[in-house]
Amino acid sequence: MSTQVQSQGALRTLLPYMRIYRARLALVLCLVITVVLIDLAQPYLVKEAIDRYLVVPNSNAEAIFWMAAGYLGMSLLSFGLTYYQDILLQYAGQAIVRSIRVDLFKHIQKLSLRYFDQHSAGSIITNVVNDTESINNFFTQFLPNTLRGCLSLILIMFFMLRLDIPIALYCFLLIPIVLIISLSLRRILSKTYREIRSRLSATIAFLAENLTGMAIVQIFNQEAKQQRKFDEKNKALLDATIFENRINVLLNNLTELVGDLGVAALVWFGGRAVIQGAVSFGVLYAFVGYVRRFFQPINIITQQFNVLQSSIVASERIARTLREQPEIRELQGASAPSVHGRVRFEQVSLAYRPGHPVLNKIQLAIQAGERVGFVGASGAGKSSLMNLVTRFYDVTAGAVVIDGKDVREWPLDALRQTVGIVQQDVTLFSGTIIDNIRFFREEIPAERVKEACRLIGAEPLILKQAKGYDTMLSERGSTLSAGERQLLSFARVLVFDPKILILDEATASLDSNTEAILQAAIHRVSQGRTLMVIAHRLSTVQEMDAIVVLDQGKIVETGNHHELLRRQGYYWRLHQSGILLEEAV
Amino acid sequence: MLSYIYRNRLVYSVAVIIIATSSLLSVLIPRVLGRFADRLQHGNLSIADTAGCAGVLILLGLGRVTAAWTGRTLSHRRGRILTYDLRRDLLQKWGTLSPAYYHGHSTGELLSHALSDVEVIREFATMGINQAAAGLTMLTAVLYMMVVHGDWRLTIVGLGPLFIIPVLVRYLGPKIRTQSTHCQEALGSMAQTVEEVIGGIRAVKAFGNERVVIGQFERKVDTIVAEKIRFVRNSSLFGALVPLMANLGFIGVLGYGGFLTITRVITLGDYVAFTLYIALLRNPLEHLGQVLNVIQRASASLNRISELMQVVPAVRDREGALLDRPLQGTLSVNGLTFRYPGTKRDVLTDISFHVKRGKTLGIIGPMGSGKTTLADLLLRLYDPPEGTVFIDGADILQYPLARLRQGMAYVPQDGFLFSTTLTENIGFSDEAPDPERVKNAARITAVYENIERFPEGFATEVGERGVRLSGGQKQRVAIARIIYKDAPIQILDDSLSAIDTNTERQILRNMGDKGRPKARLSCKDKKTTIIISHRLSSVQQADEILVLDDGRIVERGDHAGLIKAGGPYARLWQMQAGLTEEGSPGRPGLTDDEAFIPPGLTEGLAAMQAGLTEEVA
């Protein structure tokens, strides 16, 4: 019960989009009716020809000629209308899908980070790409085919009844038979298709993995074993496809058979009626023609159930996404204060889930231009603290204050401009190096980008690339090493010039050359800025003006490196246990 | 490939004959109806006759459907088995090809052979043959019927427009296909944008780049709309033209046929039959056009696949007598100079060294110095020049590849793992991994406790390329893999980079580095070990260290000697070790990252999880 209400509700999300095009859609409907009528006229015409002009003693050649000419006209008209109706529907459908796509994407952009943490990237991508494509199919396949099919069926039944009612009723008995065959076989088929899809993807995934790791397979001499495993999956796929084919061909042929049996029955009943003079031969012929036309519409309609189903599921998912509200909202009339770079945490507590605090009454003041390192075991709360400064999440209690104003009272734009972040894992996009560094903001001149790269020491590595600054990064820059990506990220920071910089140090070791350049880059980039570093390297932490040591969401120690070591407290223990990567290697 | 069809010619002939029979039976039905109409018109039809006629129709219907099902499924089954065979053969072929080939072809490209090309060939071998048989038979039969029982002029008028249909399919078909591919590409491009934006949503939000990103998205969506409109113009045209042609044929029969009936050239029954023939032919003719297209696409795919099958593996066993004995572990390289085939620059120049059995060699050098190339050559993933690489005194080229693979174990730079369980990964070198041996290997590489803490322990699946493990864990599992294999020669290529030095020390010691085997496994025989790294801590304890730069050995010696020499090695040491407390005894290492990332979580959730698990690593 509830699922039905849900499905109706889901499709309802499409209504406002369709409303805009209702005139066009109505026109399409009319065109479809016309085209179907023209097509269904054929058996009727032959009937007329046979009964009126051919069989009777005075046959009328001229009348036949005019009939043919008339139908020629109608065919040409039908040709034009069919073409026009298809185009019209496609235009409307594409426009509708485009609006839905853009609205959905825009809405997703407004949502806060918690949404992205809770939903896998895969599901969001499916939502924007595949679900909208299903809606597309709703307009380009389901609507026209179902319309045409239902109309054909109704009109055929109408014509049949007009010809001769008793025979027509006999013919109608065929419909449920075909429907049952069609529906039950289709249910088996869709299950089989799903099975094939999953087996195919398993086979291909295995193949892909083996191709990528072929060197390992060869070195460990396991070609035979991998071949055997592949053959298993390959065979499973084979079995499924053979089964699917058998059912498919069965479906097609059973439908034809029912048609033939129908014609045979017509010959039996109708023949008797013609002999007894109850019905003319032309009428019988017309029935034969119409019975054969029964089955295509039924087939097409049953085919559309799958499309309808996936469209409903898709619009449900889209509706659900559109209902999500962004957590982080900008206050009305927010204004930015003058920017210096002072950060204060006032009794800050944070719990991602109620009852599970991650930060507990953090009290901390950072001066403008200060360099502060944050250390602690994994899970101590360092990243969470940073999430609050960038307002990726909001505090559960207390306040984060930047330059005297609560971050919640800052305009989001200004906040993003003031706080910059360099992540551990640098995200690069498909585009040139310049585009990536200025993050596709074309209003930032290329000169500024190059200047920043020079300052940060990234220019040599950029110039080594195929086209220098204009090199297109392939596969999101995965050909660059971790160190090189960090350098580009630093250059990006310089270009955007935030007053407060958050750095989440990479933990993987890099070759010493890159390390040295990175350390120099950190030093340069922190000039004139407030720097907050989640530190892993001894060399970084030694440079900091102050170190904040976190444990289980609380600050346990503060001071600089040497002070803290002397104290032989928590920090000293962390240091001893090697949790700080000792080598700057 | 056509040989495949020839090999199965019996099955295919039977299928073709059965399908042809089905078509013939189909063509008989209008004829029966036509006869029936004639007799009805002449009034010499009895009730019994109608029963007889109906009976014949039923038989014809059953006959043609049974034949169609049998014939089509027969040839489809053959075609699908062909698909199976082709894919199996492709993997077998790929198993023999060396890295040189894989560097030149992306995985995606190779997969499209196994996926699309194979499917196209199958389409030809099934749908192509079926439709050709059915369509040609039907066409011939109808032509015969129409000419013999009717009038050749009517045949031309009626069938003429229909013959345009295959021509339409032949010429518009490929164009529509190409358009369709463009639509797919546009969709794929949009998907890629979405993937990038969602994957990098932190960066987008941090920089407040939402507007820019939305603009990019809109442009992609507009492209999709434009491509689809272009596509629909062609496909709608096609979709409207085909019925038009069929209608023109019908009109011809309706008008001209009616005239001929009135002038008694043909009977009413023939007239009726002819209108039914026209209706019968429309689909087969469309399919014949499709067959023409399939033939074209299939021949292209066939070419690609046979080209692939004829590639000669670059690295293979030499002709003639081979040294078929197990490796002992003495490695010798003599004046090795190498460049990748087809390139102009030497990657290695005049490399010479000698490693006695059971000793350890360290190779140090920056990125691009040729370290990995050297490893590739030692493993014979590329053929070294003759007379340069010797194992146990004999040229490496004289050994059968199988022996070499048996005797060597390798940990690659990226620690590649397969998406199976930890047990299967560590025990990869065995048909059926031995669980005890797997556990021992894990102990030696200090990853045993981590694995035991996973919810499914050793049965945990590590995901594609081991994505569910942290960098350090992946590397340790990759090392466990070679420990399990227990080969006389081991090569580790930058395999400890994500592991902190404490644990690294522990692992190297466990592996019998100092000749003090601590493991419970049989590390009795010392292994010849080659450690390639950029981190000096990894090679510190080696018996000999080579310093590589730009393909040459610039320094060599043991650690103490190189430090005293004050050359590049010593400088590197100062840079790297300046911050380490030297000489500190090994402490029980807390490894760098204990997080096990269960499936489905994004990187962002790590922060959340940190809060939820309240774990202090």
# chains A, B, ... in the order shown; residues from 1 in each chain; ligands from 1
>>> residues_around(residues="region 26-37 of chain A", least_positions_apart="5", cutoff="12 Å", atoms="only C-alpha atoms", output="ChimeraX atom specification")
/A:18-21,42-44,71,74-93,139-140,143-156,158-159,293,297 /B:240,243-244
>>> residues_around(residues="region 283-292 of chain A", least_positions_apart="4", cutoff="9 Å", atoms="only C-alpha atoms", output="MDAnalysis selection string")
(chainID A and resid 40 42:48 50:51 156:157 159:160 163:164 167:168 171 174 256 259:260 262:263 266:267 270:271 274 279 296) or (chainID B and resid 37 272 276)
>>> write_last_selection(atoms="N, CA and C atoms", output="mmCIF file, in the first residue's frame")
data_model
loop_
_atom_site.group_PDB
_atom_site.id
_atom_site.type_symbol
_atom_site.label_atom_id
_atom_site.label_comp_id
_atom_site.auth_asym_id
_atom_site.auth_seq_id
_atom_site.Cartn_x
_atom_site.Cartn_y
_atom_site.Cartn_z
ATOM 1 N N LEU A 40 -3.900 2.034 -38.966
ATOM 2 C CA LEU A 40 -4.927 1.011 -38.763
ATOM 3 C C LEU A 40 -5.964 1.010 -39.871
ATOM 4 N N GLN A 42 -5.412 0.507 -42.897
ATOM 5 C CA GLN A 42 -5.059 -0.386 -43.995
ATOM 6 C C GLN A 42 -5.997 -1.582 -44.192
ATOM 7 N N PRO A 43 -6.181 -2.407 -43.158
ATOM 8 C CA PRO A 43 -7.063 -3.563 -43.372
ATOM 9 C C PRO A 43 -8.467 -3.119 -43.770
ATOM 10 N N TYR A 44 -8.889 -2.012 -43.184
ATOM 11 C CA TYR A 44 -10.224 -1.495 -43.498
ATOM 12 C C TYR A 44 -10.338 -1.147 -44.974
ATOM 13 N N LEU A 45 -9.277 -0.533 -45.491
ATOM 14 C CA LEU A 45 -9.281 -0.154 -46.899
ATOM 15 C C LEU A 45 -9.397 -1.373 -47.802
ATOM 16 N N VAL A 46 -8.625 -2.389 -47.482
ATOM 17 C CA VAL A 46 -8.673 -3.589 -48.314
ATOM 18 C C VAL A 46 -10.072 -4.205 -48.260
ATOM 19 N N LYS A 47 -10.626 -4.157 -47.076
ATOM 20 C CA LYS A 47 -11.986 -4.685 -46.925
ATOM 21 C C LYS A 47 -12.933 -3.942 -47.862
ATOM 22 N N GLU A 48 -12.841 -2.615 -47.844
ATOM 23 C CA GLU A 48 -13.683 -1.817 -48.703
ATOM 24 C C GLU A 48 -13.448 -2.178 -50.151
ATOM 25 N N ILE A 50 -12.261 -4.901 -51.447
ATOM 26 C CA ILE A 50 -12.769 -6.223 -51.771
ATOM 27 C C ILE A 50 -14.283 -6.201 -51.874
ATOM 28 N N ASP A 51 -14.918 -5.692 -50.833
ATOM 29 C CA ASP A 51 -16.378 -5.778 -50.789
ATOM 30 C C ASP A 51 -17.071 -4.888 -51.819
ATOM 31 N N ILE A 156 -8.042 -0.750 -32.482
ATOM 32 C CA ILE A 156 -8.260 -2.035 -33.140
ATOM 33 C C ILE A 156 -9.550 -2.664 -32.633
ATOM 34 N N MET A 157 -9.673 -2.645 -31.311
ATOM 35 C CA MET A 157 -10.884 -3.234 -30.733
ATOM 36 C C MET A 157 -12.123 -2.502 -31.222
ATOM 37 N N PHE A 159 -12.459 -0.837 -34.115
ATOM 38 C CA PHE A 159 -12.711 -1.191 -35.505
ATOM 39 C C PHE A 159 -13.342 -2.575 -35.632
ATOM 40 N N MET A 160 -12.793 -3.493 -34.837
ATOM 41 C CA MET A 160 -13.320 -4.865 -34.892
ATOM 42 C C MET A 160 -14.798 -4.882 -34.517
ATOM 43 N N LEU A 163 -16.944 -3.819 -37.227
ATOM 44 C CA LEU A 163 -17.087 -4.743 -38.351
ATOM 45 C C LEU A 163 -18.126 -5.812 -38.052
ATOM 46 N N ASP A 164 -17.919 -6.490 -36.902
ATOM 47 C CA ASP A 164 -18.849 -7.561 -36.566
ATOM 48 C C ASP A 164 -18.654 -7.926 -35.103
ATOM 49 N N ILE A 167 -17.756 -11.878 -33.856
ATOM 50 C CA ILE A 167 -16.383 -12.290 -34.200
ATOM 51 C C ILE A 167 -15.382 -11.488 -33.383
ATOM 52 N N ALA A 168 -15.658 -10.194 -33.257
ATOM 53 C CA ALA A 168 -14.753 -9.349 -32.484
ATOM 54 C C ALA A 168 -14.571 -9.905 -31.079
ATOM 55 N N CYS A 171 -12.298 -12.700 -30.887
ATOM 56 C CA CYS A 171 -10.900 -12.266 -31.024
ATOM 57 C C CYS A 171 -10.354 -11.703 -29.718
ATOM 58 N N LEU A 174 -8.190 -13.512 -27.256
ATOM 59 C CA LEU A 174 -6.747 -13.704 -27.432
ATOM 60 C C LEU A 174 -5.936 -12.771 -26.543
ATOM 61 N N GLU A 256 3.788 -15.085 -31.869
ATOM 62 C CA GLU A 256 3.445 -15.344 -33.268
ATOM 63 C C GLU A 256 2.482 -16.516 -33.374
ATOM 64 N N GLY A 259 -0.922 -15.654 -32.641
ATOM 65 C CA GLY A 259 -1.470 -14.945 -33.788
ATOM 66 C C GLY A 259 -1.943 -15.909 -34.866
ATOM 67 N N ASP A 260 -1.109 -16.882 -35.178
ATOM 68 C CA ASP A 260 -1.487 -17.853 -36.208
ATOM 69 C C ASP A 260 -2.722 -18.641 -35.798
ATOM 70 N N GLY A 262 -4.964 -17.614 -33.877
ATOM 71 C CA GLY A 262 -6.087 -16.701 -33.999
ATOM 72 C C GLY A 262 -6.609 -16.646 -35.421
ATOM 73 N N VAL A 263 -5.672 -16.575 -36.368
ATOM 74 C CA VAL A 263 -6.095 -16.545 -37.773
ATOM 75 C C VAL A 263 -6.819 -17.840 -38.138
ATOM 76 N N LEU A 266 -10.213 -17.702 -36.856
ATOM 77 C CA LEU A 266 -11.012 -16.800 -37.677
ATOM 78 C C LEU A 266 -11.505 -17.505 -38.938
ATOM 79 N N VAL A 267 -10.569 -18.235 -39.544
ATOM 80 C CA VAL A 267 -10.940 -18.979 -40.753
ATOM 81 C C VAL A 267 -12.082 -19.943 -40.443
ATOM 82 N N GLY A 270 -15.126 -17.500 -38.955
ATOM 83 C CA GLY A 270 -15.492 -16.519 -39.961
ATOM 84 C C GLY A 270 -15.874 -17.167 -41.285
ATOM 85 N N GLY A 271 -15.143 -18.254 -41.598
ATOM 86 C CA GLY A 271 -15.469 -18.947 -42.835
ATOM 87 C C GLY A 271 -16.932 -19.389 -42.838
ATOM 88 N N VAL A 274 -19.193 -16.490 -43.348
ATOM 89 C CA VAL A 274 -19.232 -16.008 -44.729
ATOM 90 C C VAL A 274 -20.080 -16.942 -45.590
ATOM 91 N N VAL A 279 -21.607 -12.647 -42.948
ATOM 92 C CA VAL A 279 -20.507 -11.693 -42.981
ATOM 93 C C VAL A 279 -19.880 -11.723 -44.362
ATOM 94 N N GLN A 296 1.748 -6.810 -31.640
ATOM 95 C CA GLN A 296 2.841 -5.880 -31.450
ATOM 96 C C GLN A 296 2.566 -4.901 -30.317
ATOM 97 N N ALA B 37 -9.664 -17.719 -49.946
ATOM 98 C CA ALA B 37 -10.471 -16.589 -50.410
ATOM 99 C C ALA B 37 -11.068 -16.888 -51.776
ATOM 100 N N VAL B 272 -5.493 -10.963 -52.274
ATOM 101 C CA VAL B 272 -5.434 -11.054 -50.815
ATOM 102 C C VAL B 272 -4.045 -11.499 -50.360
ATOM 103 N N LEU B 276 -0.933 -9.584 -48.036
ATOM 104 C CA LEU B 276 -0.317 -10.192 -46.857
ATOM 105 C C LEU B 276 1.194 -10.362 -47.030
#
>>> atom_distance(atom1="CA of Tyr569 (chain B)", atom2="CA of Val547 (chain B)")
7.0 Å
>>> select_by_dssp(residues="region 393-545 of chain B", states="helix (DSSP H, G or I)", output="VMD selection string")
chain B and resid 396 to 398 401 to 407 422 to 426 435 to 444 448 to 453 457 to 459 464 to 466 471 to 485 501 to 510 536 to 539
>>> write_last_selection(atoms="C-alpha atoms", output="PDB file, in the first residue's frame")
ATOM      1  CA  ILE B 396      69.359 -15.496 -17.662  1.00  0.00           C
ATOM      2  CA  LEU B 397      68.174 -15.917 -21.227  1.00  0.00           C
ATOM      3  CA  GLN B 398      69.052 -19.559 -21.134  1.00  0.00           C
ATOM      4  CA  LEU B 401      60.692 -18.627 -17.956  1.00  0.00           C
ATOM      5  CA  ALA B 402      58.928 -21.068 -15.676  1.00  0.00           C
ATOM      6  CA  ARG B 403      62.146 -21.705 -13.710  1.00  0.00           C
ATOM      7  CA  LEU B 404      62.855 -18.035 -13.404  1.00  0.00           C
ATOM      8  CA  ARG B 405      59.374 -17.329 -12.114  1.00  0.00           C
ATOM      9  CA  GLN B 406      59.659 -20.159  -9.636  1.00  0.00           C
ATOM     10  CA  GLY B 407      62.923 -18.932  -8.289  1.00  0.00           C
ATOM     11  CA  LEU B 422      44.000 -11.649   2.486  1.00  0.00           C
ATOM     12  CA  THR B 423      44.681 -15.367   2.586  1.00  0.00           C
ATOM     13  CA  GLU B 424      44.479 -15.640  -1.178  1.00  0.00           C
ATOM     14  CA  ASN B 425      46.628 -12.613  -1.686  1.00  0.00           C
ATOM     15  CA  ILE B 426      49.383 -13.700   0.656  1.00  0.00           C
ATOM     16  CA  PRO B 435      46.501 -20.986   6.217  1.00  0.00           C
ATOM     17  CA  GLU B 436      49.271 -21.679   8.726  1.00  0.00           C
ATOM     18  CA  ARG B 437      51.937 -20.614   6.314  1.00  0.00           C
ATOM     19  CA  VAL B 438      49.940 -17.490   5.504  1.00  0.00           C
ATOM     20  CA  LYS B 439      49.745 -16.570   9.188  1.00  0.00           C
ATOM     21  CA  ASN B 440      53.468 -17.070   9.646  1.00  0.00           C
ATOM     22  CA  ALA B 441      54.245 -14.834   6.720  1.00  0.00           C
ATOM     23  CA  ALA B 442      51.964 -12.189   8.228  1.00  0.00           C
ATOM     24  CA  ARG B 443      53.787 -12.423  11.534  1.00  0.00           C
ATOM     25  CA  ILE B 444      57.113 -11.814   9.897  1.00  0.00           C
ATOM     26  CA  TYR B 448      49.390 -10.271  11.771  1.00  0.00           C
ATOM     27  CA  GLU B 449      47.863  -8.364  14.693  1.00  0.00           C
ATOM     28  CA  ASN B 450      46.247  -5.826  12.396  1.00  0.00           C
ATOM     29  CA  ILE B 451      44.601  -8.568  10.373  1.00  0.00           C
ATOM     30  CA  GLU B 452      43.412 -10.409  13.440  1.00  0.00           C
ATOM     31  CA  ARG B 453      41.624  -7.250  14.509  1.00  0.00           C
ATOM     32  CA  GLY B 457      40.381 -11.586   9.879  1.00  0.00           C
ATOM     33  CA  PHE B 458      42.268 -13.280   7.088  1.00  0.00           C
ATOM     34  CA  ALA B 459      39.081 -13.853   5.144  1.00  0.00           C
ATOM     35  CA  GLU B 464      40.159  -3.418  -5.823  1.00  0.00           C
ATOM     36  CA  ARG B 465      43.905  -2.982  -5.646  1.00  0.00           C
ATOM     37  CA  GLY B 466      43.655  -3.407  -1.909  1.00  0.00           C
ATOM     38  CA  GLY B 471      49.206   2.216   2.423  1.00  0.00           C
ATOM     39  CA  GLY B 472      51.392   0.640   5.061  1.00  0.00           C
ATOM     40  CA  GLN B 473      49.182  -2.397   5.433  1.00  0.00           C
ATOM     41  CA  LYS B 474      49.138  -2.975   1.687  1.00  0.00           C
ATOM     42  CA  GLN B 475      52.884  -2.969   1.527  1.00  0.00           C
ATOM     43  CA  ARG B 476      53.218  -5.347   4.425  1.00  0.00           C
ATOM     44  CA  VAL B 477      50.764  -7.763   2.841  1.00  0.00           C
ATOM     45  CA  ALA B 478      52.699  -7.558  -0.441  1.00  0.00           C
ATOM     46  CA  ILE B 479      55.878  -8.435   1.423  1.00  0.00           C
ATOM     47  CA  ALA B 480      54.112 -11.293   3.196  1.00  0.00           C
ATOM     48  CA  ARG B 481      53.264 -12.565  -0.254  1.00  0.00           C
ATOM     49  CA  ILE B 482      56.895 -13.099  -1.167  1.00  0.00           C
ATOM     50  CA  ILE B 483      57.715 -14.502   2.228  1.00  0.00           C
ATOM     51  CA  TYR B 484      55.047 -17.083   1.655  1.00  0.00           C
ATOM     52  CA  LYS B 485      56.518 -17.908  -1.722  1.00  0.00           C
ATOM     53  CA  THR B 501      61.233   3.104  10.281  1.00  0.00           C
ATOM     54  CA  ASN B 502      60.656   1.154  13.476  1.00  0.00           C
ATOM     55  CA  THR B 503      58.424  -1.356  11.818  1.00  0.00           C
ATOM     56  CA  GLU B 504      60.681  -1.387   8.798  1.00  0.00           C
ATOM     57  CA  ARG B 505      63.617  -2.347  10.972  1.00  0.00           C
ATOM     58  CA  GLN B 506      61.546  -5.072  12.546  1.00  0.00           C
ATOM     59  CA  ILE B 507      60.437  -6.522   9.233  1.00  0.00           C
ATOM     60  CA  LEU B 508      63.886  -6.494   7.702  1.00  0.00           C
ATOM     61  CA  ARG B 509      65.273  -8.213  10.741  1.00  0.00           C
ATOM     62  CA  ASN B 510      62.538 -10.794  10.698  1.00  0.00           C
ATOM     63  CA  LEU B 536      68.520   4.924   3.335  1.00  0.00           C
ATOM     64  CA  SER B 537      67.066   3.261   6.404  1.00  0.00           C
ATOM     65  CA  SER B 538      65.880   0.440   4.166  1.00  0.00           C
ATOM     66  CA  VAL B 539      69.317  -0.411   2.790  1.00  0.00           C
TER      67      VAL B 539
END
>>> select_by_dssp(residues="region 406-452 of chain B", states="strand (DSSP E)", output="VMD selection string")
chain B and resid 408 to 411
>>> write_last_selection(atoms="N, CA, C and O atoms", output="PDB file, in the first residue's frame")
ATOM      1  N   MET B 408      62.081 -16.646  -8.265  1.00  0.00           N
ATOM      2  CA  MET B 408      62.156 -15.250  -7.876  1.00  0.00           C
ATOM      3  C   MET B 408      60.838 -14.761  -7.318  1.00  0.00           C
ATOM      4  O   MET B 408      59.770 -15.193  -7.736  1.00  0.00           O
ATOM      5  N   ALA B 409      60.963 -13.821  -6.369  1.00  0.00           N
ATOM      6  CA  ALA B 409      59.770 -13.213  -5.786  1.00  0.00           C
ATOM      7  C   ALA B 409      59.952 -11.707  -5.802  1.00  0.00           C
ATOM      8  O   ALA B 409      61.060 -11.206  -5.671  1.00  0.00           O
ATOM      9  N   TYR B 410      58.850 -10.987  -5.955  1.00  0.00           N
ATOM     10  CA  TYR B 410      58.946  -9.548  -6.218  1.00  0.00           C
ATOM     11  C   TYR B 410      57.845  -8.796  -5.494  1.00  0.00           C
ATOM     12  O   TYR B 410      56.688  -9.218  -5.493  1.00  0.00           O
ATOM     13  N   VAL B 411      58.247  -7.692  -4.852  1.00  0.00           N
ATOM     14  CA  VAL B 411      57.235  -6.804  -4.289  1.00  0.00           C
ATOM     15  C   VAL B 411      57.263  -5.523  -5.091  1.00  0.00           C
ATOM     16  O   VAL B 411      58.255  -4.803  -5.074  1.00  0.00           O
TER      17      VAL B 411
END
>>> residues_around(residues="Arg454 (chain A)", least_positions_apart="6", cutoff="12 Å", atoms="only C-alpha atoms", output="PyMOL selection string")
chain A and resi 447-448+460-463+469+487-488+490-492+494-495+521+524
>>> atom_distance(atom1="CA of Thr540 (chain A)", atom2="CA of Gly569 (chain A)")
20.0 Å
>>> closest_residue(among="A:Ser190, A:Asp497, A:Gln226, A:Asp239", to="Ile444 (chain A)", atoms="only C-alpha atoms")
A:Asp497
>>> closest_residue(among="B:Gln216, B:Ser369, B:Gln131, B:Gln179", to="chain A", atoms="only C-alpha atoms")
B:Gln216
>>> residues_around(residues="region 195-203 of chain A", least_positions_apart="6", cutoff="7 Å", atoms="only C-alpha atoms", output="list of chain:residue names")
A:Phe230, A:Lys233, A:Asn234, A:Leu237, A:Ala240, A:Thr241
>>> closest_residue(among="B:Val120, B:Leu379, B:Ile176, B:Val554", to="chain A", atoms="only C-alpha atoms")
B:Leu379
>>> closest_residue(among="A:Leu173, A:Val389, A:Ile402, A:Ala368", to="chain B", atoms="only C-alpha atoms")
A:Val389
>>> closest_residue(among="B:Gly269, B:Gly335, B:Gly567, B:Pro341", to="Thr388 (chain B)", atoms="only C-alpha atoms")
B:Gly335
